[in-house]
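Student: Dropping in structure34.cif, which is mmCIF, C-alpha atoms:
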data_protein
#
loop_
_atom_site.group_PDB
_atom_site.id
_atom_site.type_symbol
_atom_site.label_atom_id
_atom_site.label_comp_id
_atom_site.auth_asym_id
_atom_site.auth_seq_id
_atom_site.Cartn_x
_atom_site.Cartn_y
_atom_site.Cartn_z
ATOM 1 C CA MET A 1 69.867 6.093 55.585
ATOM 2 C CA ASN A 2 73.044 6.711 53.634
ATOM 3 C CA MET A 3 72.279 4.853 50.410
ATOM 4 C CA GLN A 4 75.913 4.501 49.304
ATOM 5 C CA ALA A 5 77.052 3.180 52.700
ATOM 6 C CA ALA A 6 73.981 0.960 53.064
ATOM 7 C CA LYS A 7 74.483 -0.531 49.597
ATOM 8 C CA LEU A 8 78.049 -1.490 50.513
ATOM 9 C CA PHE A 9 77.159 -2.806 53.970
ATOM 10 C CA SER A 10 74.164 -4.814 52.731
ATOM 11 C CA GLN A 11 76.478 -7.023 50.661
ATOM 12 C CA PHE A 12 77.628 -8.648 53.905
ATOM 13 C CA ILE A 13 74.136 -9.614 55.070
ATOM 14 C CA LEU A 14 73.461 -13.280 54.194
ATOM 15 C CA ALA A 15 76.960 -13.531 52.739
ATOM 16 C CA ASP A 16 78.572 -16.959 52.359
ATOM 17 C CA LYS A 17 80.486 -16.395 55.592
ATOM 18 C CA PRO A 18 79.972 -13.968 58.489
ATOM 19 C CA ALA A 19 81.618 -10.647 57.717
ATOM 20 C CA ARG A 20 84.655 -9.337 59.554
ATOM 21 C CA ILE A 21 84.229 -5.582 60.106
ATOM 22 C CA LYS A 22 87.245 -3.498 61.170
ATOM 23 C CA LEU A 23 86.791 -0.154 62.937
ATOM 24 C CA LEU A 24 89.539 2.479 62.753
ATOM 25 C CA GLY A 25 89.485 5.754 64.629
ATOM 26 C CA ASP A 26 90.635 7.783 67.592
ATOM 27 C CA SER A 27 89.355 8.081 71.167
ATOM 28 C CA ILE A 28 85.699 8.412 70.135
ATOM 29 C CA THR A 29 85.950 5.035 68.406
ATOM 30 C CA HIS A 30 88.142 3.625 71.181
ATOM 31 C CA GLY A 31 85.418 4.544 73.709
ATOM 32 C CA HIS A 32 87.156 7.165 75.853
ATOM 33 C CA SER A 33 84.953 8.523 78.702
ATOM 34 C CA GLY A 34 82.320 5.812 78.385
ATOM 35 C CA THR A 35 81.555 3.847 81.560
ATOM 36 C CA GLY A 36 84.147 1.122 82.097
ATOM 37 C CA TYR A 37 86.627 2.444 79.535
ATOM 38 C CA CYS A 38 89.851 0.481 79.955
ATOM 39 C CA GLN A 39 92.592 -0.677 77.607
ATOM 40 C CA ASP A 40 92.643 -4.252 78.894
ATOM 41 C CA GLY A 41 92.022 -6.125 75.662
ATOM 42 C CA ALA A 42 94.224 -7.357 72.830
ATOM 43 C CA HIS A 43 97.154 -5.278 71.593
ATOM 44 C CA ILE A 44 96.420 -3.000 68.633
ATOM 45 C CA VAL A 45 99.567 -1.022 67.769
ATOM 46 C CA ASP A 46 102.321 0.801 69.678
ATOM 47 C CA GLY A 47 101.078 1.169 73.278
ATOM 48 C CA PHE A 48 97.368 0.787 72.512
ATOM 49 C CA TYR A 49 95.061 -2.046 73.565
ATOM 50 C CA ARG A 50 91.403 -2.741 72.869
ATOM 51 C CA ASN A 51 88.660 -1.442 75.130
ATOM 52 C CA ASP A 52 86.581 -4.622 75.114
ATOM 53 C CA HIS A 53 84.176 -3.897 77.975
ATOM 54 C CA GLY A 54 83.624 -0.134 78.082
ATOM 55 C CA TYR A 55 80.315 1.425 77.054
ATOM 56 C CA CYS A 56 80.815 2.926 73.587
ATOM 57 C CA TRP A 57 79.247 2.935 70.139
ATOM 58 C CA ALA A 58 81.833 0.470 68.792
ATOM 59 C CA ASN A 59 81.063 -2.174 71.426
ATOM 60 C CA LEU A 60 77.327 -1.633 71.003
ATOM 61 C CA MET A 61 77.758 -2.206 67.270
ATOM 62 C CA ARG A 62 79.946 -5.266 67.895
ATOM 63 C CA ASP A 63 77.400 -6.907 70.168
ATOM 64 C CA PHE A 64 74.384 -6.080 68.009
ATOM 65 C CA LEU A 65 75.846 -7.228 64.687
ATOM 66 C CA ALA A 66 77.198 -10.394 66.291
ATOM 67 C CA SER A 67 73.791 -11.309 67.673
ATOM 68 C CA GLN A 68 71.873 -10.265 64.568
ATOM 69 C CA TYR A 69 74.091 -11.553 61.739
ATOM 70 C CA GLY A 70 77.046 -13.340 63.324
ATOM 71 C CA MET A 71 79.371 -10.569 62.137
ATOM 72 C CA GLN A 72 82.726 -9.996 63.821
ATOM 73 C CA VAL A 73 83.431 -6.347 64.633
ATOM 74 C CA ILE A 74 87.023 -5.589 65.649
ATOM 75 C CA ASN A 75 87.732 -2.178 67.133
ATOM 76 C CA ASN A 76 91.189 -0.835 66.267
ATOM 77 C CA GLY A 77 90.417 2.681 67.474
ATOM 78 C CA CYS A 78 93.342 4.284 69.363
ATOM 79 C CA SER A 79 92.903 7.314 71.627
ATOM 80 C CA GLY A 80 94.865 10.338 70.432
ATOM 81 C CA THR A 81 95.683 8.939 67.020
ATOM 82 C CA THR A 82 95.688 11.011 63.824
ATOM 83 C CA ILE A 83 95.380 10.418 60.102
ATOM 84 C CA ARG A 84 99.176 10.466 59.895
ATOM 85 C CA ASN A 85 99.423 7.776 62.610
ATOM 86 C CA THR A 86 96.872 5.669 60.722
ATOM 87 C CA LEU A 87 98.914 5.956 57.532
ATOM 88 C CA GLU A 88 102.121 4.996 59.337
ATOM 89 C CA ASN A 89 100.526 1.918 60.927
ATOM 90 C CA PHE A 90 98.175 1.017 58.080
ATOM 91 C CA ASP A 91 99.571 -2.474 57.457
ATOM 92 C CA GLU A 92 99.121 -3.412 61.123
ATOM 93 C CA LEU A 93 95.677 -1.846 61.522
ATOM 94 C CA VAL A 94 94.117 -3.248 58.328
ATOM 95 C CA GLU A 95 94.353 -6.979 57.646
ATOM 96 C CA ASP A 96 93.782 -9.060 54.534
ATOM 97 C CA ASP A 97 90.769 -10.845 55.990
ATOM 98 C CA ASP A 98 88.918 -7.639 56.887
ATOM 99 C CA ASP A 99 85.821 -7.605 54.679
ATOM 100 C CA LEU A 100 84.968 -3.957 55.375
ATOM 101 C CA VAL A 101 86.651 -1.084 57.196
ATOM 102 C CA ILE A 102 84.702 1.739 58.846
ATOM 103 C CA CYS A 103 87.156 4.575 59.428
ATOM 104 C CA ASN A 104 86.255 7.410 61.812
ATOM 105 C CA ILE A 105 89.494 9.387 61.951
ATOM 106 C CA GLY A 106 90.528 13.038 61.756
ATOM 107 C CA THR A 107 89.443 14.842 64.919
ATOM 108 C CA ASN A 108 92.991 14.985 66.330
ATOM 109 C CA SER A 109 94.433 15.992 62.952
ATOM 110 C CA ARG A 110 92.959 19.469 63.411
ATOM 111 C CA LEU A 111 95.620 20.237 66.052
ATOM 112 C CA HIS A 112 99.239 21.341 65.698
ATOM 113 C CA PHE A 113 101.577 20.512 68.571
ATOM 114 C CA GLU A 114 104.317 22.972 69.497
ATOM 115 C CA LYS A 115 106.901 20.155 69.498
ATOM 116 C CA ASP A 116 106.268 19.663 65.748
ATOM 117 C CA GLY A 117 107.683 23.053 64.794
ATOM 118 C CA PRO A 118 106.262 26.385 63.634
ATOM 119 C CA CYS A 119 102.493 26.574 63.520
ATOM 120 C CA PRO A 120 101.135 26.448 59.954
ATOM 121 C CA SER A 121 98.562 28.861 58.615
ATOM 122 C CA ARG A 122 94.951 27.759 58.349
ATOM 123 C CA GLU A 123 95.283 27.150 54.601
ATOM 124 C CA GLU A 124 98.540 25.216 55.019
ATOM 125 C CA LYS A 125 96.918 22.996 57.651
ATOM 126 C CA LEU A 126 93.833 22.394 55.508
ATOM 127 C CA ARG A 127 95.968 21.368 52.547
ATOM 128 C CA LEU A 128 98.132 19.083 54.699
ATOM 129 C CA VAL A 129 95.145 17.271 56.199
ATOM 130 C CA TYR A 130 93.506 17.004 52.780
ATOM 131 C CA ARG A 131 96.652 15.362 51.370
ATOM 132 C CA GLN A 132 96.730 12.906 54.276
ATOM 133 C CA MET A 133 93.059 12.040 53.792
ATOM 134 C CA SER A 134 93.614 11.523 50.074
ATOM 135 C CA GLU A 135 96.617 9.296 50.755
ATOM 136 C CA LEU A 136 94.602 7.191 53.195
ATOM 137 C CA ALA A 137 91.733 6.829 50.729
ATOM 138 C CA GLU A 138 94.222 5.854 48.012
ATOM 139 C CA LYS A 139 95.697 3.141 50.231
ATOM 140 C CA PHE A 140 92.292 1.497 50.584
ATOM 141 C CA GLN A 141 91.578 1.778 46.888
ATOM 142 C CA LYS A 142 94.976 0.365 45.877
ATOM 143 C CA ILE A 143 94.376 -2.822 47.846
ATOM 144 C CA ARG A 144 90.683 -2.848 46.862
ATOM 145 C CA LYS A 145 89.573 -2.892 50.465
ATOM 146 C CA PRO A 146 85.972 -1.687 50.912
ATOM 147 C CA VAL A 147 85.892 1.316 53.252
ATOM 148 C CA ILE A 148 83.317 3.698 54.673
ATOM 149 C CA PHE A 149 84.707 6.932 56.065
ATOM 150 C CA VAL A 150 82.988 8.778 58.912
ATOM 151 C CA ALA A 151 82.990 12.534 59.579
ATOM 152 C CA ASN A 152 83.067 12.679 63.383
ATOM 153 C CA ILE A 153 80.736 14.414 65.834
ATOM 154 C CA PRO A 154 81.057 18.118 66.721
ATOM 155 C CA ALA A 155 83.148 19.442 69.606
ATOM 156 C CA ILE A 156 82.373 22.414 71.870
ATOM 157 C CA ASN A 157 84.548 25.549 72.152
ATOM 158 C CA GLU A 158 87.632 24.264 70.370
ATOM 159 C CA GLU A 159 90.654 26.295 71.422
ATOM 160 C CA ASP A 160 94.408 26.135 72.056
ATOM 161 C CA GLY A 161 95.422 24.018 75.043
ATOM 162 C CA ILE A 162 97.573 21.284 76.557
ATOM 163 C CA CYS A 163 97.305 17.575 75.756
ATOM 164 C CA ALA A 164 99.482 14.902 77.397
ATOM 165 C CA GLY A 165 101.672 17.723 78.712
ATOM 166 C CA GLU A 166 102.286 19.189 75.264
ATOM 167 C CA PRO A 167 100.998 22.618 74.142
ATOM 168 C CA TYR A 168 98.936 22.582 70.976
ATOM 169 C CA TYR A 169 97.315 25.099 68.652
ATOM 170 C CA GLN A 170 93.781 24.783 67.326
ATOM 171 C CA VAL A 171 94.580 25.572 63.690
ATOM 172 C CA ILE A 172 91.423 24.161 62.112
ATOM 173 C CA HIS A 173 88.224 22.759 63.597
ATOM 174 C CA VAL A 174 86.035 19.665 63.478
ATOM 175 C CA ASN A 175 83.725 21.272 60.923
ATOM 176 C CA ASP A 176 86.768 21.733 58.664
ATOM 177 C CA ILE A 177 87.603 18.036 59.044
ATOM 178 C CA HIS A 178 84.004 17.282 58.015
ATOM 179 C CA ASP A 179 84.261 19.427 54.899
ATOM 180 C CA LEU A 180 87.568 17.862 53.865
ATOM 181 C CA TRP A 181 86.161 14.349 54.205
ATOM 182 C CA VAL A 182 83.215 15.360 52.030
ATOM 183 C CA LYS A 183 85.640 16.643 49.397
ATOM 184 C CA VAL A 184 87.841 13.524 49.448
ATOM 185 C CA CYS A 185 84.928 11.070 49.398
ATOM 186 C CA CYS A 186 83.156 12.918 46.585
ATOM 187 C CA GLU A 187 86.344 12.986 44.525
ATOM 188 C CA ARG A 188 86.981 9.268 45.031
ATOM 189 C CA ASP A 189 83.379 8.011 45.153
ATOM 190 C CA ILE A 190 83.779 6.522 48.641
ATOM 191 C CA PRO A 191 80.835 6.269 51.078
ATOM 192 C CA LEU A 192 80.852 8.854 53.867
ATOM 193 C CA ILE A 193 78.724 8.724 57.015
ATOM 194 C CA ASP A 194 78.155 12.272 58.239
ATOM 195 C CA LEU A 195 77.979 11.932 62.032
ATOM 196 C CA TYR A 196 78.757 15.632 62.394
ATOM 197 C CA THR A 197 75.492 16.743 60.814
ATOM 198 C CA ALA A 198 73.508 13.787 62.171
ATOM 199 C CA MET A 199 74.474 14.629 65.757
ATOM 200 C CA ASN A 200 73.629 18.308 65.292
ATOM 201 C CA ASP A 201 70.279 17.346 63.761
ATOM 202 C CA TYR A 202 69.565 14.972 66.647
ATOM 203 C CA CYS A 203 70.140 17.783 69.143
ATOM 204 C CA ASP A 204 67.898 20.137 67.153
ATOM 205 C CA VAL A 205 65.057 17.616 66.836
ATOM 206 C CA HIS A 206 65.175 16.677 70.517
ATOM 207 C CA ASN A 207 65.826 20.249 71.657
ATOM 208 C CA ILE A 208 68.866 19.389 73.762
ATOM 209 C CA PRO A 209 72.316 21.011 73.882
ATOM 210 C CA LEU A 210 75.189 19.032 72.426
ATOM 211 C CA ASN A 211 76.911 19.177 75.808
ATOM 212 C CA ASP A 212 74.225 16.857 77.231
ATOM 213 C CA LEU A 213 75.740 14.095 75.071
ATOM 214 C CA LEU A 214 79.372 14.830 75.950
ATOM 215 C CA ALA A 215 81.466 13.993 78.999
ATOM 216 C CA ASP A 216 84.087 16.715 78.544
ATOM 217 C CA ARG A 217 83.032 18.903 75.596
ATOM 218 C CA LEU A 218 84.691 16.461 73.163
ATOM 219 C CA HIS A 219 84.241 12.801 74.155
ATOM 220 C CA PRO A 220 80.707 11.379 74.391
ATOM 221 C CA ASN A 221 79.144 10.249 77.638
ATOM 222 C CA ASP A 222 77.139 7.000 77.727
ATOM 223 C CA ARG A 223 74.072 8.694 76.298
ATOM 224 C CA GLY A 224 76.159 10.218 73.523
ATOM 225 C CA TYR A 225 77.685 6.866 72.637
ATOM 226 C CA GLU A 226 74.245 5.278 72.443
ATOM 227 C CA VAL A 227 73.068 8.038 70.112
ATOM 228 C CA ILE A 228 76.132 7.545 67.891
ATOM 229 C CA PHE A 229 75.459 3.792 67.737
ATOM 230 C CA ARG A 230 71.858 4.356 66.684
ATOM 231 C CA LEU A 231 72.821 6.987 64.129
ATOM 232 C CA MET A 232 75.452 4.661 62.666
ATOM 233 C CA MET A 233 72.958 1.817 62.375
ATOM 234 C CA ARG A 234 70.469 4.112 60.668
ATOM 235 C CA GLN A 235 73.077 5.328 58.176
ATOM 236 C CA LEU A 236 74.119 1.736 57.395
ATOM 237 C CA GLY A 237 70.504 0.757 56.747
ATOM 238 C CA ILE A 238 70.257 -1.535 59.774
ATOM 239 C CA ALA A 239 66.980 -1.391 61.706
ATOM 240 C CA LEU A 240 66.933 -1.834 65.467
ATOM 241 C CA PRO A 241 64.098 -3.745 67.161
ATOM 242 C CA CYS A 242 61.116 -1.503 67.872
ATOM 243 C CA LYS A 243 61.618 -1.492 71.636
ATOM 244 C CA GLU A 244 65.180 -0.212 71.069
ATOM 245 C CA ALA A 245 64.423 2.248 68.312
ATOM 246 C CA GLN A 246 63.090 5.061 70.496
ATOM 247 C CA TYR A 247 65.890 7.594 71.034
#
Go ahead and express the file in the form of structure tokens.

Tutor:
Amino acid sequence: MNMQAAKLFSQFILADKPARIKLLGDSITHGHSGTGYCQDGAHIVDGFYRNDHGYCWANLMRDFLASQYGMQVINNGCSGTTIRNTLENFDELVEDDDDLVICNIGTNSRLHFEKDGPCPSREEKLRLVYRQMSELAEKFQKIRKPVIFVANIPAINEEDGICAGEPYYQVIHVNDIHDLWVKVCCERDIPLIDLYTAMNDYCDVHNIPLNDLLADRLHPNDRGYEVIFRLMMRQLGIALPCKEAQY
């Protein structure tokens, strides 16, 4: 259990009204590669729509917290989005009546696309992403909106490539994103759920390769999404029924 995150989340159990929980993130929050993934729900921002029926950790959390505590979990994850995109669309993604935001963003921010100009050095990229993270954290703190940040799961063999037809460079890696979130959250005293380490530990304890939980070396498969859901519940201090707790 993450005591800081659990302390914040526990305030919404037996609250005067059911809590409204907002999820922000990229494709791993959106549910990409889970069975039934489809953007056929309500509009989020730009060309993105909610994945209401696909198998993913966000929908598992939505259904469980609704049945257990009557909470409303709204998934504003958008595949391919970055910290910069989240900053630009902040006022549309985060609403006044959100009681708590869980923000799992940053995996795509490790990349530099050729269309965006000369490739920065590793240090330049680290400093840029750190500034963006700090700006995002400051936005939440300025409006006094409770937030829990999440350092995302590991990826396998990160390297240069093509995404949506655009060449990109792998300037920094997911472990760097993890370390920057730790730095920002420590500096600002914001709860951080460390999915990166939790997923690695899960694989070590169960003696399985990370790839067994991934569909394409980055996005989780159904088993991976279930593990993420259970790890998130554990970190938030929420116990699953005994018959569901074996994983």

Student: Hey, what's within 8 Å of region 62-74 of chain A if we count only C-alpha atoms and toss same-chain stuff fewer than 5 positions away? As a PyMOL selection string, please?

Tutor: chain A and resi 13-14+18-23

Student: Could you tell me which of A:Asn200, A:Asn76, A:Ser33, A:Asn104 comes closest to Cys56 (chain A) if we count all atoms listed in the file?

Tutor: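 Of the candidates, the smallest distance to Cys56 (chain A) is held by A:Ser33.
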
Student: Quick one: of A:Gly165, A:Gly106, A:Gly47, A:Gly117, who's nearest to His178 (chain A), counting only C-alpha atoms?

Tutor: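 Ranking A:Gly165, A:Gly106, A:Gly47, A:Gly117 by distance to His178 (chain A), first place goes to A:Gly106.
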
Student: Around the point (72.7, 2.2, 62.7) in the file's coordinates, collect all residues with an atom within 12 Å, using all atoms listed in the file, and return them as a ChimeraX atom specification.

Tutor: /A:1-2,5-6,9,57-58,60-62,64-65,193,195,198,226-241,244-245

Student: My list of candidates is A:Asp99, A:Lys183, A:Thr81, A:Tyr55. Which is closest to Arg131 (chain A) when distances are computed with only C-alpha atoms?

Tutor: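 Closest residue, counting only C-alpha atoms: A:Lys183.
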
Student: Select from region 25-102 of chain A every residue with an atom at most 9 Å from any atom of region 137-145 of chain A, then for each give the shortest pair of atoms and their distance in Å to one decimal, using only C-alpha atoms, rows by chain and rising number, as JSON lines.

Tutor:
{"residue": "A:Leu87", "atom": "CA", "partner": "A:Lys139", "partner_atom": "CA", "distance": 8.5}
{"residue": "A:Phe90", "atom": "CA", "partner": "A:Lys139", "partner_atom": "CA", "distance": 8.5}
{"residue": "A:Asp96", "atom": "CA", "partner": "A:Lys145", "partner_atom": "CA", "distance": 8.5}
{"residue": "A:Asp98", "atom": "CA", "partner": "A:Lys145", "partner_atom": "CA", "distance": 8.0}
{"residue": "A:Asp99", "atom": "CA", "partner": "A:Lys145", "partner_atom": "CA", "distance": 7.4}
{"residue": "A:Leu100", "atom": "CA", "partner": "A:Lys145", "partner_atom": "CA", "distance": 6.8}
{"residue": "A:Val101", "atom": "CA", "partner": "A:Lys145", "partner_atom": "CA", "distance": 7.6}

Student: Would you mind exporting the chosen residues as a PDB file, keeping the file's coordinate frame, restricted to C-alpha atoms?

Tutor:
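Output file selection_26.pdb is given in full below:
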ATOM      1  CA  LEU A  87      98.914   5.956  57.532  1.00  0.00           C
ATOM      2  CA  PHE A  90      98.175   1.017  58.080  1.00  0.00           C
ATOM      3  CA  ASP A  96      93.782  -9.060  54.534  1.00  0.00           C
ATOM      4  CA  ASP A  98      88.918  -7.639  56.887  1.00  0.00           C
ATOM      5  CA  ASP A  99      85.821  -7.605  54.679  1.00  0.00           C
ATOM      6  CA  LEU A 100      84.968  -3.957  55.375  1.00  0.00           C
ATOM      7  CA  VAL A 101      86.651  -1.084  57.196  1.00  0.00           C
TER       8      VAL A 101
END

Student: Could you tell me how far CA of Gly161 (chain A) lies from CA of Leu111 (chain A), in Å and to one decimal?

Tutor: 9.8 Å
